[in-house]
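Q: Sending over final-v7.tsv (TSV, C-alpha atoms).
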chain	number	residue	atom	x	y	z
A	219	MET	CA	30.11	-14.55	21.43
A	220	LYS	CA	31.29	-12.70	18.33
A	221	ILE	CA	33.15	-14.53	15.60
A	222	ARG	CA	35.01	-12.72	12.84
A	223	ILE	CA	36.60	-14.53	9.94
A	224	ILE	CA	39.15	-12.67	7.87
A	225	ALA	CA	39.83	-14.64	4.72
A	226	VAL	CA	42.04	-13.96	1.72
A	227	GLY	CA	40.13	-14.23	-1.54
A	228	LYS	CA	36.64	-13.46	-2.78
A	229	LEU	CA	34.21	-16.34	-2.76
A	230	LYS	CA	32.05	-15.81	-5.82
A	231	ASN	CA	28.65	-17.39	-6.45
A	232	SER	CA	29.23	-21.10	-5.97
A	233	PRO	CA	28.13	-24.04	-3.86
A	234	LEU	CA	30.86	-23.06	-1.36
A	235	LEU	CA	29.33	-19.60	-0.95
A	236	ASP	CA	25.90	-21.17	-0.49
A	237	LEU	CA	27.30	-23.42	2.28
A	238	CYS	CA	29.01	-20.48	4.00
A	239	ASP	CA	25.78	-18.48	3.91
A	240	GLU	CA	23.84	-21.44	5.28
A	241	TYR	CA	26.14	-21.85	8.30
A	242	VAL	CA	26.15	-18.11	9.01
A	243	LYS	CA	22.31	-18.11	8.95
A	244	ARG	CA	22.19	-21.02	11.43
A	245	MET	CA	24.42	-19.26	13.97
A	246	LYS	CA	23.10	-17.80	17.17
A	247	TRP	CA	26.49	-16.15	17.68
A	248	SER	CA	27.30	-13.03	15.73
A	249	VAL	CA	29.42	-14.14	12.75
A	250	THR	CA	30.96	-11.90	10.11
A	251	VAL	CA	33.22	-12.77	7.22
A	252	LYS	CA	35.62	-10.13	5.88
A	253	GLU	CA	37.14	-11.00	2.53
A	254	ILE	CA	40.56	-9.65	1.66
A	255	ASP	CA	40.73	-8.92	-2.04
A	256	ALA	CA	44.41	-9.57	-2.69
A	257	PRO	CA	45.73	-9.38	-6.25
A	258	LYS	CA	45.75	-12.72	-8.07
A	259	GLY	CA	49.09	-14.49	-7.57
A	260	SER	CA	50.05	-12.37	-4.57
A	261	THR	CA	52.47	-13.79	-2.03
A	262	SER	CA	51.88	-14.15	1.69
A	263	ALA	CA	54.20	-11.15	2.22
A	264	GLN	CA	51.99	-9.04	-0.06
A	265	GLU	CA	48.83	-10.23	1.69
A	266	ALA	CA	50.18	-9.60	5.21
A	267	PRO	CA	49.58	-5.81	5.35
A	268	LEU	CA	46.02	-6.29	4.07
A	269	ILE	CA	45.28	-8.91	6.74
A	270	LEU	CA	46.89	-6.88	9.52
A	271	LYS	CA	44.92	-3.78	8.52
A	272	ALA	CA	41.65	-5.76	8.64
A	273	LEU	CA	42.46	-7.13	12.11
A	274	GLY	CA	41.79	-3.98	14.05
A	275	ALA	CA	42.96	-3.34	17.58
A	276	SER	CA	41.29	-5.77	19.93
A	277	SER	CA	40.39	-9.35	19.29
A	278	PHE	CA	41.58	-12.82	20.18
A	279	VAL	CA	43.26	-13.97	16.96
A	280	ILE	CA	43.44	-17.58	15.79
A	281	ALA	CA	45.32	-18.28	12.55
A	282	LEU	CA	44.51	-21.41	10.59
A	283	ASP	CA	47.99	-22.66	9.80
A	284	GLU	CA	49.60	-25.98	8.93
A	285	ARG	CA	51.86	-25.57	11.98
A	286	GLY	CA	48.87	-25.31	14.31
A	287	GLU	CA	47.30	-27.75	16.71
A	288	THR	CA	44.46	-30.04	15.72
A	289	TYR	CA	41.37	-30.73	17.82
A	290	THR	CA	38.42	-33.04	17.95
A	291	SER	CA	35.12	-31.17	17.64
A	292	PRO	CA	34.36	-31.42	21.39
A	293	ASP	CA	37.87	-30.16	22.22
A	294	PHE	CA	37.44	-27.29	19.75
A	295	ALA	CA	34.13	-26.40	21.44
A	296	GLN	CA	35.90	-26.23	24.82
A	297	LYS	CA	38.70	-24.12	23.31
A	298	ILE	CA	36.37	-21.69	21.56
A	299	SER	CA	34.44	-21.24	24.80
A	300	LYS	CA	37.67	-20.44	26.69
A	301	TRP	CA	38.95	-18.18	23.90
A	302	GLY	CA	35.66	-16.28	23.92
A	303	GLN	CA	35.91	-15.72	27.66
A	304	ALA	CA	39.50	-14.49	27.31
A	305	ALA	CA	38.77	-12.26	24.31
A	306	PRO	CA	38.13	-8.53	24.60
A	307	GLY	CA	34.39	-8.11	24.01
A	308	ASN	CA	34.02	-11.90	23.59
A	309	GLU	CA	35.30	-11.49	20.00
A	310	ILE	CA	37.38	-14.17	18.33
A	311	THR	CA	38.95	-13.55	14.94
A	312	PHE	CA	39.95	-16.48	12.75
A	313	LEU	CA	42.39	-15.86	9.93
A	314	ILE	CA	42.44	-17.84	6.69
A	315	GLY	CA	45.39	-17.06	4.45
A	316	GLY	CA	45.76	-17.37	0.73
A	317	ALA	CA	47.28	-20.21	-1.24
A	318	ASP	CA	50.73	-19.64	0.29
A	319	GLY	CA	49.54	-19.42	3.89
A	320	PHE	CA	50.71	-16.63	6.18
A	321	ASP	CA	53.70	-14.40	6.37
A	322	ASN	CA	55.46	-14.50	9.77
A	323	ALA	CA	54.17	-10.98	10.53
A	324	VAL	CA	50.60	-12.34	10.52
A	325	ARG	CA	51.46	-15.55	12.34
A	326	GLU	CA	53.07	-13.52	15.15
A	327	LYS	CA	49.83	-11.54	15.69
A	328	ALA	CA	47.91	-14.72	16.40
A	329	LYS	CA	47.44	-15.86	19.97
A	330	PHE	CA	47.03	-19.38	18.66
A	331	LEU	CA	47.67	-21.46	15.56
A	332	MET	CA	45.10	-24.08	14.59
A	333	SER	CA	45.13	-26.69	11.83
A	334	PHE	CA	42.55	-28.87	10.13
A	335	GLY	CA	45.11	-31.64	9.85
A	336	LYS	CA	48.26	-32.46	7.96
A	337	GLN	CA	46.61	-32.47	4.56
A	338	THR	CA	46.55	-29.35	2.41
A	339	TRP	CA	43.08	-27.86	1.90
A	340	PRO	CA	42.03	-25.20	-0.63
A	341	HIS	CA	41.68	-21.94	1.30
A	342	MET	CA	38.16	-21.38	-0.06
A	343	LEU	CA	37.05	-24.80	1.21
A	344	VAL	CA	38.64	-24.09	4.61
A	345	ARG	CA	36.20	-21.22	5.01
A	346	VAL	CA	33.27	-23.67	4.83
A	347	MET	CA	35.05	-26.13	7.12
A	348	LEU	CA	35.70	-23.43	9.72
A	349	LEU	CA	32.11	-22.17	9.65
A	350	GLU	CA	30.81	-25.70	10.07
A	351	GLN	CA	33.12	-26.35	13.02
A	352	VAL	CA	32.19	-23.04	14.68
A	353	TYR	CA	28.51	-23.93	14.22
A	354	ARG	CA	29.18	-27.42	15.60
A	355	ALA	CA	31.02	-25.90	18.60
A	356	GLN	CA	28.06	-23.60	19.26
A	357	GLN	CA	25.74	-26.59	19.20
A	358	ILE	CA	27.99	-28.70	21.47
A	359	ILE	CA	28.24	-25.86	23.99
A	360	ALA	CA	24.43	-25.49	23.92
A	361	GLY	CA	23.99	-29.24	24.51
A	362	HIS	CA	22.23	-29.69	21.16
A	363	PRO	CA	22.41	-33.16	19.55
A	364	TYR	CA	23.82	-31.83	16.22
A	365	HIS	CA	27.17	-33.36	17.17
A	366	ARG	CA	27.05	-37.07	17.65
A	367	VAL	CA	29.87	-38.91	19.35
If you took the structure in this file and wrote it as structure tokens, what would it be?

A:
Amino acid sequence: MKIRIIAVGKLKNSPLLDLCDEYVKRMKWSVTVKEIDAPKGSTSAQEAPLILKALGASSFVIALDERGETYTSPDFAQKISKWGQAAPGNEITFLIGGADGFDNAVREKAKFLMSFGKQTWPHMLVRVMLLEQVYRAQQIIAGHPYHRV
């Protein structure tokens, strides 16, 4: 499986970057993170063309959005497995917007909207949360005891 993450914002040297790097290193799946360097204070409408350009032609797109569905970790593992099977080239692309979320043009490109709950999370922290959950899904699918019920 191939996982792409397209995220608005540059994650500079920080504990969050260290965590992201750690989860990427642990992955058996191919995982890449593409950072969109949007101007500071840009709106979701200004970020939309940059995100859409980074998407490319073929991928199964999941947007992390407050309007999306929430899952338990085992349910997410089942979903990611199904999404990977349905995706061209087994490639899933997750989108993480900026502080204002997504413009409708980006939301419409997504095959699915997913949320990490009703609370608001900083978009840089969401990157770590997503990588951890993708790693956890990989481990659940492999039958590894990383995830404990």

Q: Could you check the closest approach to A:Ser262 for each of A:Val242, A:Val226, A:Leu348, A:Ile358 and tell me which residue wins, using all atoms listed in the file?

A: A:Val226

Q: When you count all atoms listed in the file, which of these residues is closest to A:Asn308: A:Ser260, A:Thr288, A:Ser248, A:Asn231?

A: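 Looking at the shortest contact to A:Asn308, the residue is A:Ser248.
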
Q: Nearest residue to A:Leu331 out of A:Cys238, A:Ile298, A:Ile221, A:Leu313, using only C-alpha atoms?

A: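 That would be A:Leu313, the residue with the smallest distance to A:Leu331.
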
Q: Quick one: of A:Asn322, A:Phe330, A:Pro363, A:Val352, who's nearest to A:Gln264, counting all atoms listed in the file?

A: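 Closest to A:Gln264 of all the choices is A:Asn322.
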
Q: Taking all atoms listed in the file into account, name the residue in A:Ser299, A:Glu287, A:Lys246, A:Glu253 that is nearest to A:Leu229.

A: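 Under the stated criterion, the closest residue is A:Glu253.
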
Q: Quick one: distance from atom CA of A:Gly319 to atom CA of A:Ala256 in Å, one decimal?

A: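 Taking atom CA of A:Gly319 as the start and atom CA of A:Ala256 as the end point, the length is 12.9 Å.
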
Q: Once you count only C-alpha atoms, what closest atom pair and distance in Å to one decimal does each residue of stretch 243-318 of chain A within 12 Å of stretch 343-346 of chain A have, with rows by chain and rising residue number, as a Markdown table?

A:
| residue | atom | partner | partner_atom | distance |
| --- | --- | --- | --- | --- |
| A:Thr250 | CA | A:Arg345 | CA | 11.8 |
| A:Val251 | CA | A:Arg345 | CA | 9.2 |
| A:Lys252 | CA | A:Arg345 | CA | 11.1 |
| A:Glu253 | CA | A:Arg345 | CA | 10.6 |
| A:Ala281 | CA | A:Val344 | CA | 11.9 |
| A:Leu282 | CA | A:Val344 | CA | 8.8 |
| A:Asp283 | CA | A:Val344 | CA | 10.8 |
| A:Glu284 | CA | A:Val344 | CA | 11.9 |
| A:Phe312 | CA | A:Arg345 | CA | 9.8 |
| A:Leu313 | CA | A:Arg345 | CA | 9.6 |
| A:Ile314 | CA | A:Arg345 | CA | 7.3 |
| A:Gly315 | CA | A:Val344 | CA | 9.7 |
| A:Gly316 | CA | A:Val344 | CA | 10.5 |
| A:Ala317 | CA | A:Val344 | CA | 11.1 |

Q: Pick the closest to A:Lys271 from A:Ala323, A:Ala305, A:Met245, A:Leu237: which is it, counting all atoms listed in the file?

A: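 Smallest distance to A:Lys271 is found for A:Ala323.
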
Q: To one decimal place in Å, what is the distance between atom CA of A:Gly335 and atom CA of A:Ser291?

A: 12.7 Å
